[in-house]
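Trainee: Below you'll find the structure I mean.
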Amino acid sequence: MNIENIEAFVYVHHYGSFNKAAEALYLSQPSVTARIQTLERELDSRLFDRQAKQIALTDKGKQFLPYAQQILQTFRKGKLHIQQRRAMPGELRIGSTVSVSNYLIPDLLPLLQERFPRLTFKLTTGTSDELAAKLLDKELDLAFVRRLAHPSLQSIPLYEDPIKLYVHEDHPFAGRGIIPIEEIGSQKLIFFECGSLDWQRVHRVFESLEHPPDIVFQADNSETAKKLVMHRAGICFLPGICVRREVGEGRLIPVEVKEIAGISLHTSLIAPAGENIEIVETIRGFRPLLEL
């Protein structure tokens with residue numbers, strides 16, 4: 001019996017979807033389906049009832065589930081045991097999204113190096129999904145990502161980064177306090193898009209407007225978007241972490257927009273369960289220093 005087929009069975013049950021299980025396993029949906037079908041043939045039992053878009057365990061599936069979970073857990077523990085590194089590796093391989101690399105890592109690494117002076121650090125940037133894949137492939141030790149859940153990884157929320165509208169210091173909105181969302185339609189807007197679900201909430205706010213904003217620039221890099229605002233090319237919704245210095249110097253002014261209040265980017269620390277525990281707990285203890 002193939003452990004990968006058992007893994008697919010556990011993941012499909014966990015996510016309640018073949019597609020979602022495939023995404024978590026970094027496989028195609030047909031590959032996951034094939035693994036489940038192979039397992040069903042080996043057990044000579046149907047494990048899932050498939051009705052439209054919903055799936056549910058059959059009675060045989062319910063009976064097999066605790067054994068499958070135990071087999072998978074035992075396999076992972078054995079794999080971890082034989083691959084286990086020293087408690088304190090000489091090199092710590094850290095992954096992070098671009099924004100975390102730009103604005104958080106320079107503050108965090110000196111604190112870590114002071115706490116663990118014998119460590120050296122190797123940094124890798126990528127998207128949250130790319131970094132999770134590298135963690136699962138043992139190419140990284142830990143990573144800072146947007147909110148991400150995976151049954152093979154522990155995830156620790158670190159901080160929330162509120163999204164606000166920012167304008168240059170001479171803009172008419174500066175000093176206004178709260179701006180009605182409708183007034184943004186008369187302004188040139190720079191849209192910073194980082195692919196997060198939180199930005200989709202901003203898009204939905206725009207879709208509710210009778211006159212949508214005039215998006216003249218779209219950027220996937222916060223530094224580019226920020227500098228366009230400072231060059232008076234437009235106004236922009238940005239996460240607070242990337243503009244702390246400019247706001248402190250008075251070169252960018254935050255403006256409150258009621259419809260955007262409460263929207264934040266969430267950053268989490270993810271790592272394989274049970275590995276680099278001391279380092280993970282140390283970073284967890286730094287959370288008050290990371291909050292805006």
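In the structure tokens, the first chain shown is A, the next is B, and so on; residue numbers restart at 1 for each chain, and ligands run from 1 in the order shown.
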Stretch 106-199 of chain A near stretch 214-231 of chain A within 9 Å: what's each residue's closest atom pair and its distance in Å to one decimal, counting only C-alpha atoms, ordered by chain then ascending residue number, as a tab-separated table?
Mentor:
residue	atom	partner	partner_atom	distance
A:Tyr166	CA	A:Val229	CA	7.7
A:Val167	CA	A:Val229	CA	6.3
A:His168	CA	A:Met230	CA	5.5
A:Glu169	CA	A:Met230	CA	8.4
A:Ile184	CA	A:Asp214	CA	8.3
A:Gly185	CA	A:Asp214	CA	6.2
A:Ser186	CA	A:Asp214	CA	7.3
A:Gln187	CA	A:Asp214	CA	6.5
A:Lys188	CA	A:Asp214	CA	5.3
A:Leu189	CA	A:Ile215	CA	4.6
A:Ile190	CA	A:Phe217	CA	4.8
A:Phe191	CA	A:Gln218	CA	4.8
A:Phe192	CA	A:Ala219	CA	4.9
A:Glu193	CA	A:Asp220	CA	5.1
A:Cys194	CA	A:Asp220	CA	5.7
A:Gly195	CA	A:Asp220	CA	8.5
Trainee: So that I can check the surroundings of stretch 259-273 of chain A, please list as a VMD selection string every protein, DNA and RNA residue that reaches within 7 Å of it, counting only C-alpha atoms and ignoring chain neighbours fewer than 6 positions away.
Mentor: chain A and resid 141 to 147 152 to 163 181 198 202 205
Trainee: Mind pulling up the distance from atom CA of A:Glu130 to atom CA of A:Lys20?
Mentor: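 Atom CA of A:Glu130 lies at a distance of 16.2 Å from atom CA of A:Lys20.
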Trainee: Find, counting only C-alpha atoms, the residue in A:Leu165, A:Leu72, A:Leu47, A:Leu25 that gets nearest to A:Gly234.
Mentor: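 Smallest separation from A:Gly234 among the options: A:Leu165.
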Trainee: So which one's closest to A:Ala149, A:Arg245, A:Lys134, A:His14, A:Lys60? Using only C-alpha atoms, please.
Mentor: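 Under the stated criterion, the closest residue is A:His14.
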Trainee: As a ChimeraX atom specification, which residues of stretch 18-180 of chain A does DSSP assign to strand (DSSP E)?
Mentor: /A:48-51,54-57,91-96,120-125,142-146,153-168
Trainee: As a list of chain:residue names, please: all residues of stretch 146-200 of chain A that backbone DSSP puts in alpha helix (DSSP H).
Mentor: A:Leu197, A:Asp198, A:Trp199, A:Gln200
